[in-house]
file query06.cif (mmCIF, C-alpha atoms)
data_work
#
loop_
_atom_site.label_atom_id
_atom_site.label_comp_id
_atom_site.auth_asym_id
_atom_site.auth_seq_id
_atom_site.Cartn_x
_atom_site.Cartn_y
_atom_site.Cartn_z
CA MET R 222 131.21 190.74 164.04
CA THR R 223 131.82 189.75 160.44
CA THR R 224 134.34 186.97 159.98
CA THR R 225 136.63 187.14 156.99
CA PRO R 226 136.63 183.76 155.22
CA ASP R 227 139.87 181.84 155.34
CA ALA R 228 140.32 179.43 152.45
CA THR R 229 142.28 177.08 154.64
CA THR R 230 139.54 176.60 157.23
CA PRO R 231 136.13 176.88 155.56
CA PRO R 232 134.25 174.48 157.88
CA ALA R 233 135.40 176.41 160.94
CA LEU R 234 134.48 179.65 159.21
CA LEU R 235 130.96 178.41 158.69
CA GLY R 236 130.53 177.34 162.29
CA VAL R 237 130.33 173.67 161.30
CA GLU R 238 131.29 170.94 163.70
CA PRO R 239 131.29 167.63 161.77
CA THR R 240 130.10 164.72 163.87
CA PRO R 241 132.35 161.67 164.31
CA LEU R 242 129.95 159.72 162.08
CA ALA R 243 130.20 162.40 159.38
CA ARG R 244 134.00 162.21 159.47
CA LEU R 245 133.81 158.43 159.24
CA LEU R 246 131.41 158.37 156.28
CA LEU R 247 132.90 161.18 154.22
CA GLY R 248 134.50 159.64 151.20
CA ARG R 249 133.78 156.07 152.31
CA ARG R 250 132.53 153.42 149.92
CA ALA R 251 129.08 151.90 149.95
CA PRO R 252 129.02 148.22 151.01
CA LEU R 253 129.87 145.87 148.15
CA ASP R 254 126.64 145.03 146.31
CA LEU R 255 127.15 143.33 142.96
CA ALA R 256 123.50 143.90 142.02
CA SER R 257 123.86 147.66 142.23
CA GLU R 258 126.09 149.63 139.88
CA ARG R 259 126.39 152.37 142.48
CA GLY R 260 127.64 150.01 145.13
CA VAL R 261 130.57 148.38 143.39
CA ASP R 262 134.22 149.24 143.72
CA CYS R 263 135.79 150.92 140.72
CA PRO R 264 138.08 148.60 138.75
CA GLY R 265 141.73 149.55 138.53
CA ASP R 266 144.14 151.01 141.02
CA LEU R 267 143.30 154.45 142.33
CA PRO R 268 146.10 156.83 143.27
CA ALA R 269 146.60 157.16 147.00
CA ALA R 270 144.74 160.11 148.52
CA SER R 271 148.02 161.17 150.14
CA ASP R 272 149.90 161.28 146.83
CA PRO R 273 151.38 164.81 146.69
CA THR R 274 151.56 164.68 142.89
CA LEU R 275 147.78 164.33 142.37
CA VAL R 276 147.24 167.92 141.26
CA ALA R 277 150.12 167.75 138.79
CA ARG R 278 148.90 164.39 137.49
CA ALA R 279 145.36 165.68 136.99
CA ARG R 280 146.67 168.74 135.16
CA ALA R 281 148.96 166.64 132.96
CA ALA R 282 146.24 164.14 132.04
CA LYS R 283 143.75 166.88 131.24
CA GLU R 284 146.29 168.67 129.06
CA ALA R 285 147.14 165.43 127.26
CA LEU R 286 143.48 164.85 126.46
CA GLY R 287 142.93 168.44 125.38
CA GLU R 288 139.55 169.08 123.74
CA ARG R 289 138.81 165.34 123.70
CA VAL R 290 137.62 165.59 127.32
CA PHE R 291 135.00 167.84 128.89
CA VAL R 292 134.92 167.84 132.70
CA LEU R 293 131.68 168.79 134.44
CA GLY R 294 131.63 169.79 138.11
CA HIS R 295 128.44 169.96 140.14
CA HIS R 296 128.14 172.80 142.64
CA TYR R 297 128.34 170.35 145.56
CA GLN R 298 131.70 168.89 144.57
CA ARG R 299 134.89 169.32 146.57
CA ASP R 300 137.09 172.32 145.72
CA GLU R 301 139.91 169.99 144.64
CA VAL R 302 137.60 168.59 141.94
CA ILE R 303 135.97 171.88 140.94
CA ALA R 304 139.48 173.19 140.19
CA PHE R 305 139.58 170.91 137.11
CA ALA R 306 136.01 171.43 135.91
CA ASP R 307 135.46 173.11 132.55
CA VAL R 308 131.93 174.07 133.62
CA THR R 309 130.19 174.16 137.00
CA GLY R 310 126.46 174.19 137.60
CA ASP R 311 123.42 172.16 138.56
CA SER R 312 122.71 168.74 137.08
CA PHE R 313 120.53 169.70 134.12
CA LYS R 314 122.70 172.65 133.11
CA LEU R 315 125.76 170.42 133.10
CA ALA R 316 124.09 167.69 131.03
CA ARG R 317 123.06 170.23 128.40
CA GLU R 318 126.52 171.80 128.41
CA ALA R 319 127.96 168.37 127.60
CA ALA R 320 125.49 167.92 124.75
CA ALA R 321 126.56 171.30 123.38
CA ARG R 322 130.17 170.05 123.10
CA PRO R 323 129.83 167.20 120.54
CA GLU R 324 133.50 167.60 119.62
CA ALA R 325 134.44 166.15 123.03
CA PRO R 326 134.20 162.33 122.83
CA TYR R 327 134.74 161.98 126.59
CA VAL R 328 132.51 163.62 129.20
CA VAL R 329 133.73 163.20 132.78
CA PHE R 330 130.82 164.00 135.08
CA CYS R 331 131.88 164.93 138.59
CA GLY R 332 128.51 164.53 140.21
CA VAL R 333 126.28 161.57 141.02
CA HIS R 334 124.77 158.70 139.06
CA PHE R 335 121.46 160.20 137.91
CA MET R 336 123.33 163.26 136.61
CA ALA R 337 125.63 161.11 134.49
CA GLU R 338 122.55 159.28 133.18
CA SER R 339 121.02 162.59 132.11
CA ALA R 340 124.25 163.50 130.34
CA ASP R 341 124.23 160.19 128.46
CA ILE R 342 120.60 160.74 127.44
CA LEU R 343 121.34 164.19 126.04
CA THR R 344 124.74 163.65 124.44
CA SER R 345 125.37 162.14 121.00
CA ASP R 346 126.28 158.56 120.18
CA GLY R 347 129.85 159.72 119.62
CA GLN R 348 130.23 160.84 123.23
CA GLN R 349 130.93 158.60 126.21
CA VAL R 350 130.01 159.67 129.75
CA VAL R 351 132.30 158.68 132.61
CA LEU R 352 131.46 158.76 136.33
CA PRO R 353 134.78 158.68 138.25
CA ASP R 354 133.30 156.60 141.08
CA LEU R 355 130.34 154.28 140.49
CA ALA R 356 129.52 154.47 144.19
CA ALA R 357 128.56 158.15 143.79
CA GLY R 358 124.81 157.73 143.92
CA CYS R 359 122.03 159.95 145.25
CA SER R 360 120.05 158.86 148.28
CA MET R 361 116.98 160.78 147.09
CA ALA R 362 117.01 159.29 143.60
CA ASP R 363 117.44 155.82 145.11
CA MET R 364 114.28 156.28 147.22
CA ALA R 365 112.10 155.67 144.15
CA THR R 366 112.73 152.58 142.05
CA ASP R 367 110.98 151.79 138.78
CA LEU R 368 109.22 148.79 140.35
CA GLN R 369 107.99 150.83 143.31
CA VAL R 370 106.63 153.60 141.10
CA ARG R 371 104.84 151.10 138.85
CA GLU R 372 103.23 149.58 141.96
CA CYS R 373 102.05 153.05 142.99
CA TRP R 374 100.57 153.60 139.53
CA GLU R 375 98.77 150.26 139.73
CA ALA R 376 97.23 151.39 143.02
CA LEU R 377 96.09 154.61 141.37
CA GLU R 378 94.57 152.53 138.56
CA ALA R 379 92.79 150.29 141.06
CA ALA R 380 91.42 153.39 142.81
CA GLY R 381 90.13 154.73 139.50
CA ALA R 382 92.47 157.73 139.77
CA ALA R 383 95.30 157.00 137.32
CA ALA R 384 93.47 158.38 134.26
CA THR R 385 93.28 161.81 135.91
CA THR R 386 96.76 161.75 137.47
CA VAL R 387 99.81 163.35 135.84
CA PRO R 388 103.28 162.33 137.04
CA VAL R 389 105.89 165.03 137.63
CA ALA R 390 109.41 163.75 138.32
CA TYR R 391 112.11 165.91 139.84
CA MET R 392 115.36 166.08 137.90
CA ASN R 393 116.97 164.27 140.86
CA SER R 394 115.59 160.91 139.75
CA SER R 395 116.89 157.93 137.83
CA ALA R 396 116.59 157.60 134.07
CA ALA R 397 114.02 154.84 134.64
CA ILE R 398 111.79 157.20 136.64
CA LYS R 399 112.13 159.93 134.02
CA ALA R 400 111.15 157.37 131.37
CA PHE R 401 108.13 156.25 133.43
CA THR R 402 107.06 159.88 133.60
CA GLY R 403 107.43 160.29 129.85
CA ARG R 404 105.42 157.15 129.09
CA HIS R 405 102.55 158.29 131.31
CA GLY R 406 102.16 161.79 129.90
CA GLY R 407 104.12 163.60 132.58
CA THR R 408 106.97 166.05 132.73
CA ILE R 409 110.23 166.68 134.55
CA CYS R 410 110.94 169.66 136.80
CA THR R 411 113.91 171.36 138.38
CA SER R 412 113.84 173.28 141.64
CA SER R 413 113.66 176.44 139.52
CA ASN R 414 110.63 175.51 137.43
CA ALA R 415 108.64 173.21 139.73
CA ARG R 416 105.78 175.73 139.82
CA GLN R 417 105.46 175.83 136.03
CA SER R 418 105.59 172.03 135.88
CA LEU R 419 102.84 171.62 138.46
CA GLU R 420 100.66 174.29 136.83
CA TRP R 421 101.02 172.49 133.51
CA ALA R 422 100.19 169.14 135.11
CA PHE R 423 97.01 170.48 136.70
CA GLY R 424 96.00 171.71 133.27
CA GLN R 425 96.23 168.10 132.06
CA GLY R 426 94.59 166.28 134.97
CA GLU R 427 93.03 166.47 138.41
CA ARG R 428 95.98 165.41 140.53
CA VAL R 429 99.77 165.12 140.42
CA LEU R 430 102.04 162.25 141.40
CA PHE R 431 105.19 164.11 142.47
CA LEU R 432 108.38 162.13 142.95
CA PRO R 433 110.81 161.48 144.47
CA ASP R 434 111.20 164.56 146.75
CA GLN R 435 108.18 165.12 148.95
CA HIS R 436 109.48 168.44 150.30
CA LEU R 437 109.92 170.19 146.95
CA GLY R 438 106.49 168.92 145.90
CA ARG R 439 104.78 170.05 149.10
CA ASN R 440 106.51 173.43 149.23
CA THR R 441 105.64 174.17 145.61
CA ALA R 442 102.03 173.03 145.87
CA VAL R 443 101.28 174.86 149.10
CA LEU R 444 103.44 177.99 148.96
CA GLN R 445 103.32 178.69 145.22
CA LEU R 446 100.07 177.16 144.00
CA GLY R 447 98.00 177.92 147.11
CA LEU R 448 96.92 174.37 147.87
CA GLY R 449 96.42 173.26 151.46
CA LEU R 450 98.56 170.79 153.34
CA ASP R 451 95.52 168.52 153.51
CA ASP R 452 95.41 168.47 149.70
CA CYS R 453 98.66 166.48 149.81
CA VAL R 454 99.08 162.84 150.80
CA VAL R 455 102.34 160.91 151.08
CA TRP R 456 102.84 157.57 149.34
CA ASP R 457 105.22 155.40 151.36
CA PRO R 458 106.64 152.67 149.09
CA HIS R 459 107.59 150.60 152.12
CA LYS R 460 104.00 150.27 153.35
CA PRO R 461 101.24 148.10 151.86
CA HIS R 462 99.33 150.16 149.28
CA GLY R 463 101.62 153.07 150.11
CA GLY R 464 99.88 153.49 153.45
CA LEU R 465 96.91 155.10 151.67
CA ALA R 466 93.32 154.02 151.12
CA PRO R 467 91.80 154.28 147.62
CA GLU R 468 89.54 157.12 148.75
CA GLN R 469 92.59 159.09 149.94
CA LEU R 470 94.20 158.73 146.51
CA ARG R 471 91.02 159.88 144.79
CA ALA R 472 90.59 162.88 147.10
CA ALA R 473 94.20 164.08 146.92
CA LYS R 474 95.38 166.90 144.68
CA VAL R 475 99.03 165.93 145.09
CA VAL R 476 100.36 162.45 145.83
CA LEU R 477 103.85 163.01 147.23
CA TRP R 478 106.48 160.29 147.14
CA ARG R 479 108.10 159.59 150.50
CA GLY R 480 111.58 160.69 149.48
CA HIS R 481 113.94 163.45 150.54
CA CYS R 482 117.47 164.81 150.23
CA SER R 483 119.71 163.44 152.96
CA VAL R 484 121.37 166.86 153.39
CA HIS R 485 118.48 169.32 152.96
CA GLY R 486 116.10 167.06 154.87
CA ARG R 487 118.15 167.43 158.04
CA PHE R 488 117.72 171.17 158.47
CA SER R 489 115.13 172.08 161.12
CA ALA R 490 113.08 175.07 162.20
CA GLN R 491 115.21 175.07 165.36
CA ASN R 492 118.29 175.64 163.18
CA VAL R 493 116.60 178.77 161.85
CA ALA R 494 115.70 180.01 165.33
CA ASP R 495 119.22 179.32 166.61
CA VAL R 496 120.98 181.18 163.81
CA ARG R 497 118.72 184.20 164.25
CA GLU R 498 119.87 184.40 167.87
CA ARG R 499 123.50 183.83 166.95
CA VAL R 500 123.76 186.24 164.00
CA PRO R 501 121.84 189.53 164.40
CA GLY R 502 120.17 190.70 161.21
CA VAL R 503 120.85 187.46 159.37
CA THR R 504 118.96 186.55 156.21
CA VAL R 505 118.07 182.87 156.16
CA LEU R 506 118.35 181.48 152.64
CA VAL R 507 117.37 177.85 152.00
CA HIS R 508 116.81 175.37 149.20
CA PRO R 509 113.20 174.21 148.51
CA GLU R 510 114.23 170.60 149.20
CA CYS R 511 114.16 171.58 152.89
CA ARG R 512 111.25 170.61 155.12
CA HIS R 513 108.09 172.73 154.96
CA GLU R 514 108.62 174.16 158.45
CA VAL R 515 112.16 175.25 157.49
CA VAL R 516 111.04 176.90 154.27
CA THR R 517 108.24 178.80 156.00
CA ALA R 518 110.65 180.01 158.71
CA ALA R 519 113.26 181.21 156.19
CA ASP R 520 113.51 184.62 154.53
CA LEU R 521 114.43 183.47 151.03
CA VAL R 522 113.87 180.14 149.28
CA GLY R 523 115.29 179.09 145.94
CA SER R 524 117.34 176.76 143.79
CA THR R 525 121.10 176.49 143.88
CA GLU R 526 121.41 179.06 141.11
CA PHE R 527 119.04 181.36 143.02
CA ILE R 528 121.16 181.03 146.15
CA ILE R 529 124.33 181.89 144.25
CA LYS R 530 122.71 184.89 142.58
CA ALA R 531 121.24 186.16 145.86
CA LEU R 532 124.67 186.23 147.49
CA ASP R 533 126.30 187.76 144.41
CA GLU R 534 123.80 190.63 144.45
CA ALA R 535 123.65 191.18 148.23
CA PRO R 536 125.17 194.40 149.58
CA SER R 537 128.52 194.38 151.33
CA GLY R 538 128.25 193.79 155.06
CA SER R 539 125.10 191.66 154.85
CA ALA R 540 124.82 188.38 156.75
CA PHE R 541 123.40 185.10 155.43
CA ALA R 542 122.72 181.69 156.90
CA VAL R 543 122.50 179.26 153.98
CA GLY R 544 120.68 175.95 154.09
CA THR R 545 122.21 173.83 151.35
CA GLU R 546 125.22 171.54 150.83
CA LEU R 547 128.33 172.55 152.76
CA ASN R 548 130.85 172.49 149.89
CA LEU R 549 128.83 175.14 148.06
CA VAL R 550 128.26 177.26 151.16
CA SER R 551 131.97 177.17 151.96
CA ARG R 552 132.82 178.21 148.40
CA LEU R 553 130.30 181.07 148.54
CA ALA R 554 131.77 182.29 151.82
CA GLN R 555 135.22 182.40 150.28
CA ALA R 556 133.88 184.21 147.20
CA HIS R 557 132.25 186.93 149.34
CA PRO R 558 134.76 188.07 151.98
CA ASP R 559 132.77 191.31 152.41
CA LYS R 560 129.74 189.38 153.67
CA GLN R 561 129.13 187.05 156.57
CA VAL R 562 128.10 183.66 155.26
CA VAL R 563 127.40 180.86 157.75
CA PHE R 564 126.05 177.34 157.42
CA LEU R 565 122.50 176.95 158.72
CA ASP R 566 123.26 173.85 160.81
CA ARG R 567 126.53 173.46 162.71
CA THR R 568 126.49 169.66 162.56
CA VAL R 569 125.18 168.62 159.13
CA CYS R 570 127.86 166.89 157.06
CA TYR R 571 128.74 167.23 153.41
CA CYS R 572 126.77 165.20 150.87
CA SER R 573 128.67 161.96 151.42
CA THR R 574 127.70 160.40 148.08
CA MET R 575 128.69 163.50 146.10
CA ASN R 576 131.99 163.57 147.98
CA ARG R 577 132.88 160.10 146.73
CA ILE R 578 134.14 161.89 143.64
CA ASP R 579 137.52 163.02 144.93
CA LEU R 580 140.86 163.90 143.34
CA PRO R 581 142.21 160.31 143.32
CA HIS R 582 139.12 159.11 141.40
CA LEU R 583 139.30 162.04 138.99
CA VAL R 584 143.02 161.45 138.33
CA TRP R 585 142.37 157.73 137.79
CA ALA R 586 139.54 158.46 135.33
CA LEU R 587 141.56 161.00 133.35
CA GLU R 588 144.70 158.86 133.23
CA SER R 589 142.63 155.86 132.11
CA LEU R 590 141.31 157.92 129.21
CA VAL R 591 144.85 158.97 128.31
CA GLU R 592 145.79 155.28 128.19
CA GLY R 593 142.88 154.54 125.84
CA ARG R 594 140.55 152.94 128.41
CA VAL R 595 137.08 154.31 129.15
CA PRO R 596 136.38 153.62 132.85
CA ASN R 597 132.97 153.58 134.52
CA ARG R 598 131.01 154.45 131.41
CA ILE R 599 127.35 155.26 132.09
CA VAL R 600 124.99 154.01 129.38
CA VAL R 601 121.20 154.41 129.31
CA ASP R 602 119.38 151.98 127.02
CA GLU R 603 117.62 153.43 123.96
CA ASP R 604 114.02 152.88 125.08
CA THR R 605 114.60 154.41 128.50
CA ALA R 606 116.50 157.31 126.95
CA HIS R 607 113.71 157.96 124.44
CA TRP R 608 110.94 158.25 127.01
CA ALA R 609 113.09 160.25 129.40
CA ARG R 610 113.72 162.72 126.56
CA VAL R 611 109.98 162.93 125.93
CA ALA R 612 109.46 164.05 129.53
CA LEU R 613 112.38 166.48 129.34
CA GLU R 614 111.04 167.99 126.10
CA ARG R 615 107.70 168.60 127.79
CA MET R 616 109.49 170.52 130.52
CA LEU R 617 111.37 172.67 128.03
CA ALA R 618 108.09 173.50 126.27
CA LEU R 619 106.49 174.87 129.45
CA PRO R 620 105.58 178.59 129.47
CA GLY R 621 108.17 180.67 131.29
CA VAL R 622 110.88 178.02 131.15
CA GLN R 623 113.95 179.66 129.67
CA ALA R 624 115.95 176.89 128.08
CA ARG R 625 117.32 176.11 124.69
CA SER R 626 115.97 173.00 123.03
CA LEU R 627 117.57 169.61 123.51
CA PRO R 628 120.03 168.33 120.92
CA ALA R 629 118.70 166.21 118.08
CA GLN R 630 117.41 162.75 119.00
CA ARG R 631 120.37 160.38 119.28
#
call {"tool": "encode", "arguments": {"input": "query06.cif", "output": "C-alpha cells"}}
result
Amino acid sequence: MTTTPDATTPPALLGVEPTPLARLLLGRRAPLDLASERGVDCPGDLPAASDPTLVARARAAKEALGERVFVLGHHYQRDEVIAFADVTGDSFKLAREAAARPEAPYVVFCGVHFMAESADILTSDGQQVVLPDLAAGCSMADMATDLQVRECWEALEAAGAAATTVPVAYMNSSAAIKAFTGRHGGTICTSSNARQSLEWAFGQGERVLFLPDQHLGRNTAVLQLGLGLDDCVVWDPHKPHGGLAPEQLRAAKVVLWRGHCSVHGRFSAQNVADVRERVPGVTVLVHPECRHEVVTAADLVGSTEFIIKALDEAPSGSAFAVGTELNLVSRLAQAHPDKQVVFLDRTVCYCSTMNRIDLPHLVWALESLVEGRVPNRIVVDEDTAHWARVALERMLALPGVQARSLPAQR
C-alpha cells in the first residue's frame, strides 16, 4: 500500500529507524583538534538550537544583507537550512552558481569543507566564501591527504609506472588533491561524468590513479568501460607501499584509492534484497558511490541529479527504494506524494558532517555578516587554486560534458 508522505514525520515515512549512535552523533562536533580547520569550534556565540525565533532571525538577516549575500544549499542539507538557500544542487553546480554571481560579495556555502574550497577557487577576489561550521568536513575527502597521495605517486615512480599513469580526482576531494591532479596532467570528475573522465585518461596513459572514492572508480571502470575487477587494485594509504607490490602497480589498469562515502558505503546487497521483499514492484535507485555489489543489484544507478530527475519523471503510483543521503530522500518523498519513496536501509543515519550546518550556525553566520564580520572564511592559496583550476578546466573540455566555462582566472 502506498504511504502518503507526511512532512512532519519523514524518517518514519521512509521506514528509517535511527540507531542510538546515529542520534548521538547527529549534529555533534568533532573532537577539538587545533591542527585541523575542520575540527575546531566556531568562534562567537551560536544561537541556542531551541530558540523559537531562529527562523525569523535568519529571514531578517538575509533580508538585511539583500543581494550582498548568496546562500548555497547542498542537496543533503537539512530542510531548515534549504529553506534559506538561493540555489540548491550538487557541489560543483553550487560553486559555479556562486561564481556566476560576482555582485554578491558574500557566499554562504551550506555544505562541507571541500565544497566551500571549490567555491573559493571559482569565485572572484571580490567574493568571500563562508562555511557556517568549520567542523563540517567530508569523511571521504579526508581519506586522501596531499602527503599520502604524494607517497603513492612516489611508489608509482619507483615501480616505473608513474609516467604512464593519469590521476583522476573525484570532485569530493580537497583543493590540495585537485591541485595535485592538475600538476600531474590529470582531470577532475563528478559522478555524472566519471566515464568521460576515465575514457579521456586512458587516451593519455596506460592506467588511472582514481581517488578518493574507490567505489565510484570501480563501478565506472567495470560497468561502463568494460574492465574486469582484476584490472583494479586498491591502494591503502595506511599500509606500507599501499599494500601493493611494484608488479601489481605496473599490471593494474586502475589504481583505486581506499576511500569511500560514509553514507553510501554502508548500503549492502542485503538491503536491496530486503526492500524487494518488503515493497512489491519496487525500483531500486542508488548512487554510484555505493559498493559494487549494491550497484549491480540495483535497477538504476546515477548521480544525485539523475536520482532527482528519475523520480520527477516516474509515473504516478510507482515505488522506489533510494540509496543516497536521507535528507534528500525524505525531501523527494514529500515532493512526490503520488509515489512510494522509501529509504534503502532502515538504519543508516544522515550524513553527520553535512548536518553540522544547522539553523543556529546559519543564523550566526548571517548575523555576523550583518554586523560587518566575516566568520569562518574559506581561503585557498593562489598556487593550489591555480592547479586545481587546471584540472577542472580539463574536465570541462571533455567530450560530452555539458558545462559552461569557468569564470576568468582570479
call {"tool": "atom_distance", "arguments": {"input": "query06.cif", "atom1": "CA of Met336 (chain R)", "atom2": "CA of Gly486 (chain R)"}}
result
20.0 Å
call {"tool": "closest_residue", "arguments": {"input": "query06.cif", "among": "R:Arg416, R:His607, R:His296, R:Arg471", "to": "Thr545 (chain R)", "atoms": "all atoms listed in the file"}}
result
R:His296
call {"tool": "residues_around", "arguments": {"input": "query06.cif", "residues": "Ala397 (chain R)", "least_positions_apart": "6", "cutoff": "8 Å", "atoms": "only C-alpha atoms", "output": "short mmCIF file (atom, residue, chain, number, x, y, z; two decimals) with C-alpha atoms, in the frame of the given file"}}
result
data_model
loop_
_atom_site.label_atom_id
_atom_site.label_comp_id
_atom_site.auth_asym_id
_atom_site.auth_seq_id
_atom_site.Cartn_x
_atom_site.Cartn_y
_atom_site.Cartn_z
CA THR R 366 112.73 152.58 142.05
CA ASP R 367 110.98 151.79 138.78
CA THR R 605 114.60 154.41 128.50
CA ALA R 609 113.09 160.25 129.40
#
call {"tool": "closest_residue", "arguments": {"input": "query06.cif", "among": "R:Val351, R:Val476, R:Ala554, R:Ile529", "to": "Leu293 (chain R)", "atoms": "only C-alpha atoms"}}
result
R:Val351
call {"tool": "atom_distance", "arguments": {"input": "query06.cif", "atom1": "CA of Met575 (chain R)", "atom2": "CA of Ile528 (chain R)"}}
result
19.1 Å
call {"tool": "resolve_selection", "arguments": {"input": "query06.cif", "expression": "the PyMOL selection byres ((chain R and resi 310) around 8)", "output": "PyMOL selection string"}}
result
chain R and resi 294-296+308-309+311-312+314-315+526
call {"tool": "closest_residue", "arguments": {"input": "query06.cif", "among": "R:Arg598, R:Lys474, R:His334, R:Arg280", "to": "Phe423 (chain R)", "atoms": "all atoms listed in the file"}}
result
R:Lys474
call {"tool": "resolve_selection", "arguments": {"input": "query06.cif", "expression": "the PyMOL selection byres ((chain R and resi 337) around 8)", "output": "ChimeraX atom specification"}}
result
/R:316,330,332-336,338-341,350-352,599
call {"tool": "closest_residue", "arguments": {"input": "query06.cif", "among": "R:Val522, R:Val370, R:Ile303, R:Ala380", "to": "Ser413 (chain R)", "atoms": "all atoms listed in the file"}}
result
R:Val522
call {"tool": "resolve_selection", "arguments": {"input": "query06.cif", "expression": "the PyMOL selection byres ((chain R and resi 452-463) around 7)", "output": "PyMOL selection string"}}
result
chain R and resi 369+376+448-451+464-465+473-479
call {"tool": "atom_distance", "arguments": {"input": "query06.cif", "atom1": "CA of Asp520 (chain R)", "atom2": "CA of Val484 (chain R)"}}
result
19.5 Å
call {"tool": "residues_around", "arguments": {"input": "query06.cif", "residues": "Arg278 (chain R)", "least_positions_apart": "2", "cutoff": "12 Å", "atoms": "only C-alpha atoms", "output": "list in words"}}
result
Pro268, Asp272, Pro273, Thr274, Leu275, Val276, Arg280, Ala281, Ala282, Lys283, Glu284, Ala285, Phe305, Leu580, Pro581, His582, Leu583, Val584, Trp585, Ala586, Leu587, Glu588, Ser589 and Val591 of chain R
call {"tool": "residues_around", "arguments": {"input": "query06.cif", "residues": "Arg371 (chain R)", "least_positions_apart": "6", "cutoff": "12 Å", "atoms": "all atoms listed in the file", "output": "list of chain:residue names"}}
result
R:Ala365, R:Leu377, R:Glu378, R:Ala383, R:Pro388, R:Ala397, R:Ile398, R:Ala400, R:Phe401, R:Thr402, R:Arg404, R:His405, R:Leu430, R:Pro458, R:His462, R:Gly463
call {"tool": "closest_atom_pairs", "arguments": {"input": "query06.cif", "of": "region 474-568 of chain R", "to": "region 431-436 of chain R", "cutoff": "12 Å", "atoms": "all atoms listed in the file", "output": "CSV"}}
result
residue,atom,partner,partner_atom,distance
R:Lys474,CA,R:Phe431,CA,10.4
R:Val475,CA,R:Phe431,CA,6.9
R:Val476,CA,R:Phe431,CA,6.1
R:Leu477,CA,R:Phe431,CA,5.1
R:Trp478,CA,R:Leu432,CA,5.0
R:Arg479,CA,R:Gln435,CA,5.7
R:Gly480,CA,R:Asp434,CA,4.8
R:His481,CA,R:Asp434,CA,4.8
R:Cys482,CA,R:Asp434,CA,7.2
R:Ser483,CA,R:Asp434,CA,10.6
R:His485,CA,R:His436,CA,9.4
R:Gly486,CA,R:His436,CA,8.2
R:Arg487,CA,R:His436,CA,11.7
R:Phe488,CA,R:His436,CA,11.9
R:His508,CA,R:His436,CA,10.1
R:Pro509,CA,R:His436,CA,7.1
R:Glu510,CA,R:His436,CA,5.3
R:Cys511,CA,R:His436,CA,6.2
R:Arg512,CA,R:His436,CA,5.6
R:His513,CA,R:His436,CA,6.5
R:Glu514,CA,R:His436,CA,10.0
R:Val515,CA,R:His436,CA,10.3
R:Val516,CA,R:His436,CA,9.5
R:Thr517,CA,R:His436,CA,11.9
call {"tool": "closest_residue", "arguments": {"input": "query06.cif", "among": "R:Glu592, R:Ala319, R:Val600, R:Asp266", "to": "Ala306 (chain R)", "atoms": "only C-alpha atoms"}}
result
R:Ala319
call {"tool": "closest_residue", "arguments": {"input": "query06.cif", "among": "R:Ala356, R:Val543, R:Leu419, R:Ile578", "to": "Gln445 (chain R)", "atoms": "only C-alpha atoms"}}
result
R:Leu419
